[in-house]
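S.K.: Hey, dropping query_9.csv in here, CSV, C-alpha atoms and all ligand atoms:
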chain,number,residue,atom,x,y,z
L,1,MET,CA,-30.0,-45.5,-62.3
L,2,LEU,CA,-30.0,-48.3,-59.7
L,3,THR,CA,-33.6,-47.8,-58.7
L,4,ASN,CA,-34.9,-46.5,-62.1
L,5,ARG,CA,-36.5,-43.6,-60.3
L,6,SER,CA,-34.2,-41.0,-61.7
L,7,LYS,CA,-35.1,-39.1,-64.8
L,8,LEU,CA,-33.2,-36.7,-67.0
L,9,VAL,CA,-34.3,-33.1,-66.9
L,10,PRO,CA,-33.5,-31.1,-70.0
L,11,LYS,CA,-31.5,-27.9,-69.3
L,12,ARG,CA,-33.7,-24.9,-70.2
L,13,GLU,CA,-32.3,-21.9,-71.8
L,14,MET,CA,-32.4,-18.8,-69.5
L,15,THR,CA,-34.7,-16.0,-70.6
L,16,LEU,CA,-33.4,-12.4,-71.1
L,17,SER,CA,-34.7,-11.2,-67.7
L,18,GLU,CA,-33.1,-14.2,-66.0
L,19,LYS,CA,-29.8,-13.5,-67.7
L,20,LEU,CA,-29.9,-9.9,-66.4
L,21,TYR,CA,-30.4,-11.2,-62.8
L,22,LEU,CA,-32.0,-7.8,-61.9
L,23,PRO,CA,-35.5,-9.1,-61.3
L,24,ALA,CA,-34.2,-11.8,-59.0
L,25,ILE,CA,-32.1,-9.3,-57.1
L,26,ILE,CA,-35.0,-6.9,-56.7
L,27,GLY,CA,-37.2,-9.8,-55.6
L,28,GLY,CA,-34.6,-10.8,-53.0
L,29,MET,CA,-34.3,-7.3,-51.7
L,30,GLY,CA,-38.1,-7.1,-51.5
L,31,ILE,CA,-38.1,-10.1,-49.2
L,32,THR,CA,-35.3,-8.6,-47.0
L,33,LEU,CA,-37.3,-5.3,-46.8
L,34,LYS,CA,-40.4,-7.1,-45.8
L,35,HIS,CA,-38.5,-8.7,-42.9
L,36,PHE,CA,-37.4,-5.3,-41.6
L,37,PHE,CA,-41.0,-4.6,-40.6
L,38,ARG,CA,-41.6,-8.0,-39.0
L,39,LYS,CA,-41.1,-8.9,-35.4
L,40,ALA,CA,-37.6,-10.3,-35.0
L,41,SER,CA,-37.5,-13.9,-34.2
L,42,THR,CA,-34.0,-13.7,-32.7
L,43,VAL,CA,-32.9,-12.2,-29.4
L,44,SER,CA,-29.7,-10.3,-28.5
L,45,TYR,CA,-28.3,-12.8,-26.1
L,46,PRO,CA,-26.8,-12.4,-23.5
L,47,GLU,CA,-28.4,-9.0,-23.0
L,48,GLN,CA,-31.8,-10.5,-23.7
L,49,ILE,CA,-32.6,-14.0,-22.4
L,50,ARG,CA,-35.5,-16.1,-23.7
L,51,PRO,CA,-38.0,-17.3,-21.1
L,52,MET,CA,-37.0,-20.8,-20.1
L,53,ALA,CA,-39.3,-23.8,-19.6
L,54,PRO,CA,-39.9,-24.3,-15.8
L,55,VAL,CA,-38.0,-27.6,-16.0
L,56,TYR,CA,-35.3,-26.5,-18.4
L,57,ARG,CA,-32.2,-28.7,-17.8
L,58,GLY,CA,-29.0,-26.7,-17.6
L,59,LYS,CA,-25.9,-26.6,-15.4
L,60,HIS,CA,-25.9,-29.0,-12.4
L,61,VAL,CA,-25.8,-28.2,-8.7
L,62,LEU,CA,-24.7,-30.4,-5.9
L,63,LYS,CA,-27.0,-29.5,-3.0
L,64,ARG,CA,-26.3,-29.1,0.7
L,65,ASP,CA,-28.8,-29.8,3.4
L,66,ASP,CA,-30.3,-27.1,5.6
L,67,ASN,CA,-27.3,-27.3,8.0
L,68,GLY,CA,-24.9,-26.8,5.2
L,69,ALA,CA,-23.6,-30.4,4.9
L,70,GLU,CA,-23.1,-31.8,1.4
L,71,ARG,CA,-25.8,-34.3,0.6
L,72,CYS,CA,-23.8,-36.4,-1.9
L,73,THR,CA,-22.7,-39.7,-0.5
L,74,ALA,CA,-20.5,-40.6,-3.5
L,75,CYS,CA,-22.6,-43.7,-4.3
L,76,GLY,CA,-21.9,-43.4,-8.0
L,77,MET,CA,-25.5,-44.0,-9.1
L,78,CYS,CA,-25.4,-40.8,-11.1
L,79,ALA,CA,-22.2,-41.9,-12.9
L,80,VAL,CA,-23.7,-45.3,-13.7
L,81,ALA,CA,-26.9,-43.8,-15.0
L,82,CYS,CA,-25.1,-41.2,-17.1
L,83,PRO,CA,-25.3,-42.3,-20.8
L,84,ALA,CA,-22.5,-39.9,-21.8
L,85,GLU,CA,-20.0,-41.1,-19.1
L,86,ALA,CA,-19.6,-37.5,-18.1
L,87,ILE,CA,-19.4,-38.0,-14.3
L,88,THR,CA,-16.4,-39.1,-12.3
L,89,MET,CA,-15.8,-39.0,-8.6
L,90,THR,CA,-13.6,-40.3,-5.8
L,91,SER,CA,-14.9,-41.0,-2.3
L,92,ALA,CA,-13.7,-41.1,1.3
L,93,GLU,CA,-15.2,-42.0,4.7
L,94,ARG,CA,-16.3,-39.1,6.8
L,95,LYS,CA,-14.2,-38.6,9.9
L,96,LYS,CA,-15.4,-37.8,13.4
L,97,GLY,CA,-16.1,-34.1,13.6
L,98,GLU,CA,-16.9,-33.7,9.9
L,99,GLU,CA,-20.6,-34.3,10.4
L,100,HIS,CA,-21.3,-30.6,9.7
L,101,LEU,CA,-19.5,-30.9,6.3
L,102,TYR,CA,-20.9,-34.1,5.0
L,103,ARG,CA,-24.4,-35.5,5.7
L,104,GLU,CA,-23.6,-39.1,5.0
L,105,GLU,CA,-20.8,-41.4,6.3
L,106,LYS,CA,-19.2,-41.5,2.8
L,107,TYR,CA,-18.7,-38.4,0.7
L,108,ALA,CA,-17.2,-37.2,-2.6
L,109,VAL,CA,-13.7,-36.0,-2.2
L,110,THR,CA,-13.7,-35.1,-5.9
L,111,TYR,CA,-16.8,-34.9,-8.2
L,112,GLU,CA,-16.5,-33.8,-11.8
L,113,ILE,CA,-18.8,-33.4,-14.7
L,114,ASN,CA,-17.5,-33.0,-18.2
L,115,MET,CA,-19.9,-30.5,-19.7
L,116,LEU,CA,-18.6,-31.2,-23.2
L,117,ARG,CA,-19.8,-34.8,-22.8
L,118,CYS,CA,-23.0,-34.0,-20.9
L,119,ILE,CA,-26.2,-34.1,-23.0
L,120,PHE,CA,-28.3,-32.6,-20.2
L,121,CYS,CA,-30.7,-35.6,-20.1
L,122,GLY,CA,-31.3,-35.3,-16.3
L,123,LEU,CA,-30.7,-39.1,-15.7
L,124,CYS,CA,-28.2,-38.3,-13.0
L,125,GLU,CA,-30.8,-36.3,-11.2
L,126,ASP,CA,-33.3,-39.1,-11.5
L,127,ALA,CA,-30.8,-41.7,-10.3
L,128,CYS,CA,-29.6,-39.9,-7.2
L,129,PRO,CA,-31.1,-41.4,-4.0
L,130,LYS,CA,-30.0,-38.5,-1.8
L,131,GLU,CA,-31.5,-35.6,-3.7
L,132,ALA,CA,-28.0,-34.3,-4.0
L,133,ILE,CA,-27.7,-33.5,-7.7
L,134,PHE,CA,-30.2,-31.3,-9.7
L,135,LEU,CA,-30.1,-29.6,-13.0
L,136,THR,CA,-30.8,-25.9,-12.9
L,137,ASP,CA,-32.0,-23.4,-15.5
L,138,GLU,CA,-28.5,-21.9,-15.7
L,139,ILE,CA,-26.8,-22.2,-19.1
L,140,VAL,CA,-23.2,-23.5,-19.2
L,141,PRO,CA,-21.2,-20.7,-20.7
L,142,SER,CA,-18.7,-21.0,-23.6
L,143,PHE,CA,-15.0,-21.3,-22.9
L,144,TYR,CA,-11.8,-21.3,-25.0
L,145,THR,CA,-10.2,-24.4,-23.5
L,146,ARG,CA,-11.6,-27.9,-22.9
L,147,ASN,CA,-10.4,-28.0,-19.3
L,148,ASP,CA,-12.7,-25.1,-18.4
L,149,PHE,CA,-15.7,-27.4,-19.2
L,150,ILE,CA,-14.7,-29.9,-16.5
L,151,TYR,CA,-16.8,-28.7,-13.6
L,152,GLY,CA,-15.5,-29.8,-10.2
L,153,LYS,CA,-17.0,-29.4,-6.7
L,154,ASP,CA,-15.8,-25.8,-6.7
L,155,LYS,CA,-18.3,-25.0,-9.4
L,156,LEU,CA,-21.0,-27.6,-8.6
L,157,VAL,CA,-21.6,-27.5,-4.8
L,158,GLU,CA,-24.0,-24.7,-3.9
L,159,SER,CA,-23.0,-21.9,-1.6
L,160,MET,CA,-25.0,-21.4,1.6
L,161,ASP,CA,-25.0,-17.7,0.9
L,162,ASN,CA,-26.6,-18.2,-2.5
L,163,ARG,CA,-28.7,-21.4,-2.3
L,164,VAL,CA,-30.2,-22.8,-5.5
L,165,ASP,CA,-33.9,-23.2,-5.5
L,166,VAL,CA,-34.8,-26.6,-7.0
L,167,THR,CA,-38.4,-26.9,-5.7
L,168,LYS,CA,-39.8,-26.8,-9.2
L,169,ARG,CA,-37.9,-30.0,-10.0
L,170,GLN,CA,-39.3,-31.7,-6.9
L,171,THR,CA,-42.8,-32.7,-7.8
L,172,GLU,CA,-44.7,-35.2,-5.7
L,173,GLU,CA,-44.1,-38.0,-8.2
L,174,VAL,CA,-40.3,-37.3,-8.1
L,175,LYS,CA,-40.3,-37.2,-4.3
L,176,GLU,CA,-42.1,-40.5,-4.1
L,177,PHE,CA,-39.7,-42.1,-6.6
L,178,LYS,CA,-36.7,-40.7,-4.6
L,179,THR,CA,-38.0,-42.0,-1.3
L,180,HIS,CA,-38.2,-45.5,-2.9
L,181,ALA,CA,-34.7,-45.1,-4.5
L,182,ASN,CA,-33.2,-44.0,-1.2
L,183,TYR,CA,-34.8,-46.9,0.6
L,184,GLN,CA,-33.4,-49.3,-2.0
L,185,HIS,CA,-29.9,-47.7,-1.7
L,186,ASN,CA,-29.9,-47.9,2.1
L,187,ARG,CA,-31.0,-51.5,1.9
L,188,LEU,CA,-28.3,-52.5,-0.6
L,189,THR,CA,-25.5,-50.7,1.4
L,190,GLU,CA,-26.6,-52.4,4.6
L,191,GLU,CA,-26.5,-55.9,3.0
P,201,LIG,S1,-27.4,-34.7,-17.4
P,201,LIG,FE1,-27.3,-36.7,-18.4
P,201,LIG,S2,-25.4,-36.6,-19.6
P,201,LIG,FE2,-25.3,-34.9,-18.2
P,201,LIG,S3,-24.2,-35.7,-16.5
P,201,LIG,FE3,-26.4,-36.0,-16.0
P,201,LIG,S4,-26.8,-38.1,-16.7
P,201,LIG,FE4,-24.8,-37.5,-17.7
P,202,LIG,S1,-26.2,-40.4,-7.1
P,202,LIG,FE1,-26.4,-38.6,-5.8
P,202,LIG,S2,-25.4,-39.2,-3.9
P,202,LIG,FE2,-24.8,-40.7,-5.4
P,202,LIG,S3,-22.8,-39.9,-6.2
P,202,LIG,FE3,-24.4,-39.1,-7.5
P,202,LIG,S4,-24.9,-37.1,-6.6
P,202,LIG,FE4,-23.8,-38.2,-5.1
Could you spell out this file's structure in structure tokens?
M.R.:
Amino acid sequence: MLTNRSKLVPKREMTLSEKLYLPAIIGGMGITLKHFFRKASTVSYPEQIRPMAPVYRGKHVLKRDDNGAERCTACGMCAVACPAEAITMTSAERKKGEEHLYREEKYAVTYEINMLRCIFCGLCEDACPKEAIFLTDEIVPSFYTRNDFIYGKDKLVESMDNRVDVTKRQTEEVKEFKTHANYQHNRLTEE
């Protein structure tokens, strides 16, 4: 009654057919029957998979360069950009002789994404100056324990035998933006 917009509705007596419920049940079954002959709007996942949008944002991949070296330089820009605080990492300096493993002088010893926190916004991908992290169209599966949702380097870094194609996420606009971000990153680390 606070707003005076409510009004009392008198309770109507049910008619005989309403009291029998049968017409309502038959009507309901008619609707069910009608849907038997319509095209199903559901799919039998995982046997059937819906077509994904070309830029669907799913599980992340940490890329290697063409020589197989990890591109990530553990700068932490992705972690800072992440609104869900889902990314953590530890870094180390590359030693002599490890150039074939890590492209940059600093690399991620550990790199973890908590997929339960992640909202798949793609900001980590946007923030990365080294084109090291991308979101793929792979769906993160379900697990029974929380720990299984913590994806470490073992699950994130791509294998050279099965490289992940991210070209559809590398539009000219994105490349231009990344070149600028990379320049800024190098400039800041040199200072
Ligand atoms: S996609 Fe978004 S929420 Fe997920 S790790 Fe990247 S920045 Fe964080
Ligand atoms: S922003 Fe890119 S290079 Fe920097 S830590 Fe994240 S993935 Fe690695």
S.K.: Kindly work out which residues sit at most 8 Å from ligand LIG 202 (chain P), using only C-alpha atoms and all ligand atoms, and give the list as a list of chain:residue names.
M.R.: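 Here is the list of contacting residues: L:Leu62, L:Arg71, L:Cys72, L:Thr73, L:Ala74, L:Cys75, L:Gly76, L:Met77, L:Cys78, L:Ala79, L:Met89, L:Tyr107, L:Ala108, L:Cys124, L:Glu125, L:Ala127, L:Cys128, L:Pro129, L:Lys130, L:Glu131, L:Ala132, L:Ile133.
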S.K.: Find the distance between CA of Tyr151 (chain L) and CA of His60 (chain L) and write it in Å to one decimal.
M.R.: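 About the pair CA of Tyr151 (chain L) and CA of His60 (chain L): they are 9.2 Å apart.
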S.K.: How many Å separate CA of Tyr144 (chain L) from CA of Thr110 (chain L)?
M.R.: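 The value is 23.6 Å.
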S.K.: Can you measure CA of Cys118 (chain L) to CA of Arg169 (chain L) for me? One decimal in Å is fine.
M.R.: 18.9 Å
S.K.: Could you list the protein, DNA and RNA residues that have any atom within 8 Å of ligand LIG 201 (chain P), counting only C-alpha atoms and all ligand atoms, and write them as a list in words?
M.R.: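 Listed by chain and ascending number, the contacts are Arg57, His60, Cys78, Ala79, Ala81, Cys82, Pro83, Ala84, Glu85, Ala86, Ile87, Ile113, Asn114, Met115, Arg117, Cys118, Ile119, Phe120, Cys121, Gly122, Leu123, Cys124, Glu125 and Leu135 of chain L.
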S.K.: Find the spatial neighbours of Asn67 (chain L), counting all atoms listed in the file, within a cut-off of 12 Å - ignore same-chain residues fewer than 2 positions away - and output them as a list in words.
M.R.: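 The filter keeps Lys63, Arg64, Asp65, Ala69, Glu70, Arg71, Glu99, His100, Leu101, Tyr102, Arg103, Ser159, Met160 and Arg163 of chain L.
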S.K.: Calculated over only C-alpha atoms, which of the candidates L:Gln48, L:Val9, L:Thr3, L:Pro54 has the smallest distance to Gln170 (chain L)?
M.R.: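 Comparing L:Gln48, L:Val9, L:Thr3, L:Pro54 against Gln170 (chain L), the winner is L:Pro54.
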S.K.: Starting from the point (-8.9, -39.9, -4.7), work out which residues of protein, DNA or RNA have an atom no more than 7 Å away when counting all atoms listed in the file; state them as a count of residues only.
M.R.: 4
S.K.: Save region 56-148 of chain L to disk from that block, C-alpha atoms included, as a compact mmCIF listing (two decimals), in the first residue's frame.
M.R.:
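Heads up, here's the output in result01.txt:
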# COMPACT_ATOMS: atom_id res chain seq x y z
CA TYR L 56 33.94 -16.66 -29.78
CA ARG L 57 35.97 -16.25 -26.60
CA GLY L 58 36.73 -19.58 -24.91
CA LYS L 59 39.76 -21.25 -23.35
CA HIS L 60 43.02 -19.34 -23.54
CA VAL L 61 46.20 -20.35 -25.29
CA LEU L 62 49.73 -19.12 -24.57
CA LYS L 63 51.43 -18.93 -27.94
CA ARG L 64 54.92 -19.88 -29.04
CA ASP L 65 56.78 -18.17 -31.85
CA ASP L 66 57.64 -19.95 -35.09
CA ASN L 67 60.83 -21.34 -33.52
CA GLY L 68 58.91 -22.85 -30.63
CA ALA L 69 59.94 -20.31 -27.98
CA GLU L 70 57.28 -19.10 -25.54
CA ARG L 71 56.21 -15.57 -26.40
CA CYS L 72 55.11 -14.56 -22.89
CA THR L 73 57.51 -12.26 -21.09
CA ALA L 74 55.69 -12.33 -17.74
CA CYS L 75 55.12 -8.58 -17.83
CA GLY L 76 51.86 -8.97 -15.90
CA MET L 77 49.86 -6.65 -18.15
CA CYS L 78 47.21 -9.33 -18.66
CA ALA L 79 46.89 -9.86 -14.90
CA VAL L 80 46.52 -6.12 -14.32
CA ALA L 81 43.89 -5.84 -17.06
CA CYS L 82 41.89 -8.83 -15.82
CA PRO L 83 38.74 -7.58 -14.07
CA ALA L 84 38.21 -10.93 -12.39
CA GLU L 85 41.75 -11.22 -10.99
CA ALA L 86 41.92 -14.65 -12.55
CA ILE L 87 45.56 -14.56 -13.70
CA THR L 88 48.63 -15.15 -11.56
CA MET L 89 52.23 -15.76 -12.57
CA THR L 90 55.81 -15.87 -11.36
CA SER L 91 58.71 -14.76 -13.51
CA ALA L 92 62.42 -15.44 -13.94
CA GLU L 93 65.24 -14.20 -16.10
CA ARG L 94 66.14 -16.28 -19.12
CA LYS L 95 69.56 -17.95 -18.78
CA LYS L 96 72.13 -18.25 -21.51
CA GLY L 97 71.26 -21.15 -23.76
CA GLU L 98 67.53 -20.89 -23.09
CA GLU L 99 66.85 -18.63 -26.07
CA HIS L 100 65.15 -21.52 -27.88
CA LEU L 101 62.71 -21.91 -24.96
CA TYR L 102 61.79 -18.31 -24.20
CA ARG L 103 61.68 -15.52 -26.74
CA GLU L 104 62.15 -12.66 -24.27
CA GLU L 105 64.77 -12.06 -21.57
CA LYS L 106 62.15 -12.59 -18.88
CA TYR L 107 59.65 -15.44 -18.94
CA ALA L 108 56.82 -16.93 -16.92
CA VAL L 109 57.96 -19.76 -14.70
CA THR L 110 54.38 -20.33 -13.63
CA TYR L 111 51.30 -18.89 -15.28
CA GLU L 112 47.84 -19.76 -14.05
CA ILE L 113 44.31 -18.81 -15.00
CA ASN L 114 41.45 -19.63 -12.68
CA MET L 115 38.69 -20.56 -15.10
CA LEU L 116 36.08 -20.33 -12.35
CA ARG L 117 36.87 -16.64 -11.99
CA CYS L 118 37.35 -15.90 -15.67
CA ILE L 119 34.47 -14.17 -17.42
CA PHE L 120 36.02 -14.61 -20.89
CA CYS L 121 36.02 -10.89 -21.56
CA GLY L 122 39.23 -11.00 -23.63
CA LEU L 123 40.88 -8.05 -21.89
CA CYS L 124 44.00 -10.12 -21.19
CA GLU L 125 44.34 -10.70 -24.91
CA ASP L 126 43.90 -7.00 -25.63
CA ALA L 127 46.45 -6.00 -22.99
CA CYS L 128 49.23 -8.39 -24.06
CA PRO L 129 52.02 -6.49 -25.85
CA LYS L 130 53.71 -9.69 -27.04
CA GLU L 131 50.75 -11.42 -28.74
CA ALA L 132 51.33 -14.22 -26.28
CA ILE L 133 47.82 -14.87 -25.01
CA PHE L 134 44.71 -15.44 -27.09
CA LEU L 135 41.27 -16.76 -26.41
CA THR L 136 40.23 -19.70 -28.57
CA ASP L 137 36.87 -21.14 -29.55
CA GLU L 138 37.44 -24.15 -27.30
CA ILE L 139 35.00 -24.49 -24.43
CA VAL L 140 36.37 -25.06 -20.92
CA PRO L 141 34.94 -28.42 -19.85
CA SER L 142 33.21 -29.20 -16.57
CA PHE L 143 35.08 -30.77 -13.68
CA TYR L 144 34.17 -32.11 -10.27
CA THR L 145 36.85 -30.28 -8.27
CA ARG L 146 37.79 -26.62 -8.13
CA ASN L 147 41.49 -27.35 -8.57
CA ASP L 148 40.85 -28.76 -12.03
